[in-house]
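Each remark here refers to the structure printed beneath this line.
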Number of protein chains: 2
Amino acid sequence: MNIGQASEQTGVSAKMIRYYEEIGLLPSAARRANGYRDYGDQEVAVLQFVRRTRDLGFSLEEVSALLALWSDKKRPSREVKRLAETHIADLEHRMREMRAVMKTLRQLAQHCHGDERSDCPILDDLAKPRAPSARRTRRT
Amino acid sequence: MNIGQASEQTGVSAKMIRYYEEIGLLPSAARRANGYRDYGDQEVAVLQFVRRTRDLGFSLEEVSALLALWSDKKRPSREVKRLAETHIADLEHRMREMRAVMKTLRQLAQHCHGDERSDCPILDDLAKPRAPSARRTRRT
DNA sequence: CTGCACCTTCCCACAATGGAAAGGTCAACA
DNA sequence: TGTTGACCTTTCCATTGTGGGAAGGTGCAG
């Protein structure tokens with residue numbers, strides 16, 4: 001199967017499939033005589049695994065770890081669970097930050113009458129030097 | 001005031017101050033005879049505004065728009081409110097996605113005994129080709 | 001044979017930030 | 001006075017994950 005078909009079946013763009021191969025997340029694909037990459041059910045399954053883990057917000061590095069665990073039939077499930085829980089904790093942390101930000105924003109928006117008048121509590125408030133809230137965190 | 005002091009007073013790194021100037025988010029800073037950038041209370045206030053809007057998760061593009069609205073004393077507050085509400089809606093959307101992802105992850109983790117045994121429902125589930133949930137969205 | 005859809009590699013761009021190199025400046029201290 | 005150390009300057013590179021496009025080869029259908 002060509003890369004186009006593999007992409008269609010997995011929802012991973014051809015561009016990304018090549019990239020994943022390039023950075024070593026995936027093993028080098030088999031090549032046909034014409035140089036085209038060739039994919040079978042096995043490879044498609046791996047791509048689906050990657051797609052799904054990406055959808056769940058795991059970084060490529062985490063995906064890589066999960067792939068390794070997946071192929072290691074004898075690994076203790078503890079390791080997998082730990083990885084998942086770390087990721088959950090990470091998401092929880094980000095959600096807490098976002099909630100705080102939203103709360104502030106909603107308050108600001110609420111007090112702005114939002115009409116033709118030019119006085120605007122949102123901008124007034126943004127201009128005030130504030131107690132520096134949580135610093136920017138890396139996003140996934 | 002040197003860039004270092006300005007940075008310290010605003011919480012915006014010197015690196016970022018120069019970058020903001022370079023991309024045109026901020027006007028070119030005044031220079032002293034020795035070539036050092038020179039900042040006054042005015043500039044510090046702008047930096048604080050930027051810092052605060054960044055903390056609230058606005059993109060640099062949005063910050064730029066907010067700065068323009070801020071300096072335009074006659075703009076209708078409606079415009080500012082609309083920008084804020086768009087951003088709120090964006091955050092809400094992302095939070096909904098994250099909540100869905102977390103729910104799935106928690107379920108997966110819950111069913112994995114997480115001990116020495118090797119069978120792991122998390123990996124089993126990840127391997128299953130699934131109804132493709134929400135595609136990756138841009139992060140701020 | 002021509003055209004079109006596919007494949008290949010390679011390079012560029014993005015958002016926002018940090019890091020580091022190579023050099024100029026300034027103030028304080030011996 | 002000279003040196004040291006803390007600043008400042010610019011420039012280049014890396015990150016994460018993805019898309020876009022160019023330039024060229026391939027394969028099939030009409």
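Chain labels run A, B, ... following the order of the structure tokens; each chain numbers its residues from 1, and ligands are numbered from 1 in the order shown.
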
(message) Residues of chain A were defined as contacting chain B if any atom lay at most 7 Å from it, counting only C-alpha atoms; please report them as a VMD selection string.
(response) chain A and resid 48 to 49 52 to 53 55 to 56 70 73 to 78 81 84 to 85 88 95 101 to 102 105 109 112 114 to 120 123 126 to 127 129 135 to 136 139 to 140

(request) Just the alpha helix (DSSP H) stuff from chain B, please, per backbone DSSP, written as a PyMOL selection string. (result) chain B and resi 3-10+14-22+41-55+60-71+77-111+121-127

(request) Apply DSSP to the structure's backbone, then extract all residues of chain B labelled strand (DSSP E or B) and return them as number ranges by chain. (result) B: 30-31, 37-38

Which residues of chain C sit at most 9 Å from chain A, using only C-alpha atoms (C1' of nucleotides)? Give each one's shortest atom pair and distance in Å (one decimal place), in chain and ascending residue order, as a tab-separated table.
```
residue	atom	partner	partner_atom	distance
C:DC6	C1'	A:Gly4	CA	8.2
C:DC7	C1'	A:Tyr36	CA	6.1
C:DT8	C1'	A:Tyr36	CA	7.4
```

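Interface residues on chain D toward chain A (cut-off 10 Å, only C-alpha atoms (C1' of nucleotides)): D:DT16, D:DG17, D:DT18, D:DG19, D:DG25, D:DT26, D:DG27.
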
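For region 38-42 of chain B, the residues within 6 Å (counting only C-alpha atoms (C1' of nucleotides), excluding itself and residues fewer than 4 positions away along the chain) are Met1, Asn2, Ala30 and Arg31 of chain B.
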
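One finds CA of Ala33 (chain B) at 12.7 Å from C1' of DT9 (chain D).
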
(message) At a cut-off of 12 Å, using only C-alpha atoms (C1' of nucleotides), what residues contact DC13 (chain D)? Leave out same-chain residues fewer than 4 positions from it and give the result as a PyMOL selection string.
(response) chain C and resi 18-21

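When the distance limit is 12 Å and only C-alpha atoms (C1' of nucleotides) are what count, the residues near DT4 (chain D), minus those fewer than 5 positions from it on the same chain, are DC26, DA27, DA28, DC29 and DA30 of chain C.
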
Create the file for the chosen residues now, containing N, CA and C atoms (P, O5', C5', C4', C3', O3' and C1' of nucleotides) and written as a PDB file, in the first residue's frame.
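Saved file result.pdb follows:
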```pdb
ATOM      1  P    DC C  26      29.684  53.398  27.903  1.00  0.00           P
ATOM      2  O5'  DC C  26      29.466  53.183  29.459  1.00  0.00           O
ATOM      3  C5'  DC C  26      28.437  52.304  29.905  1.00  0.00           C
ATOM      4  C4'  DC C  26      28.753  51.786  31.301  1.00  0.00           C
ATOM      5  C3'  DC C  26      29.544  52.756  32.170  1.00  0.00           C
ATOM      6  O3'  DC C  26      28.948  52.757  33.452  1.00  0.00           O
ATOM      7  C1'  DC C  26      30.581  50.673  32.172  1.00  0.00           C
ATOM      8  P    DA C  27      29.000  54.155  34.291  1.00  0.00           P
ATOM      9  O5'  DA C  27      29.062  53.578  35.772  1.00  0.00           O
ATOM     10  C5'  DA C  27      28.408  52.341  36.082  1.00  0.00           C
ATOM     11  C4'  DA C  27      29.217  51.548  37.097  1.00  0.00           C
ATOM     12  C3'  DA C  27      30.026  52.399  38.085  1.00  0.00           C
ATOM     13  O3'  DA C  27      29.917  51.837  39.377  1.00  0.00           O
ATOM     14  C1'  DA C  27      31.437  50.872  37.039  1.00  0.00           C
ATOM     15  P    DA C  28      30.419  52.702  40.627  1.00  0.00           P
ATOM     16  O5'  DA C  28      30.729  51.525  41.665  1.00  0.00           O
ATOM     17  C5'  DA C  28      30.516  50.157  41.281  1.00  0.00           C
ATOM     18  C4'  DA C  28      31.722  49.312  41.672  1.00  0.00           C
ATOM     19  C3'  DA C  28      32.585  49.922  42.774  1.00  0.00           C
ATOM     20  O3'  DA C  28      33.025  48.879  43.641  1.00  0.00           O
ATOM     21  C1'  DA C  28      33.927  49.477  40.907  1.00  0.00           C
ATOM     22  P    DC C  29      33.687  49.248  45.052  1.00  0.00           P
ATOM     23  O5'  DC C  29      34.529  47.925  45.359  1.00  0.00           O
ATOM     24  C5'  DC C  29      34.718  46.950  44.335  1.00  0.00           C
ATOM     25  C4'  DC C  29      36.207  46.698  44.104  1.00  0.00           C
ATOM     26  C3'  DC C  29      37.129  47.241  45.210  1.00  0.00           C
ATOM     27  O3'  DC C  29      38.105  46.250  45.533  1.00  0.00           O
ATOM     28  C1'  DC C  29      37.871  47.982  43.105  1.00  0.00           C
ATOM     29  P    DA C  30      39.055  46.507  46.789  1.00  0.00           P
ATOM     30  O5'  DA C  30      40.486  46.108  46.225  1.00  0.00           O
ATOM     31  C5'  DA C  30      40.655  44.902  45.475  1.00  0.00           C
ATOM     32  C4'  DA C  30      41.965  44.956  44.700  1.00  0.00           C
ATOM     33  C3'  DA C  30      43.197  45.331  45.541  1.00  0.00           C
ATOM     34  O3'  DA C  30      44.315  44.560  45.124  1.00  0.00           O
ATOM     35  C1'  DA C  30      42.905  46.943  43.828  1.00  0.00           C
TER      36       DA C  30
END
```

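Comparing A:Glu43, A:Gln107, A:Thr86, A:Ala6 by their smallest distance to Leu26 (chain A), the closest is A:Glu43 (using only C-alpha atoms).
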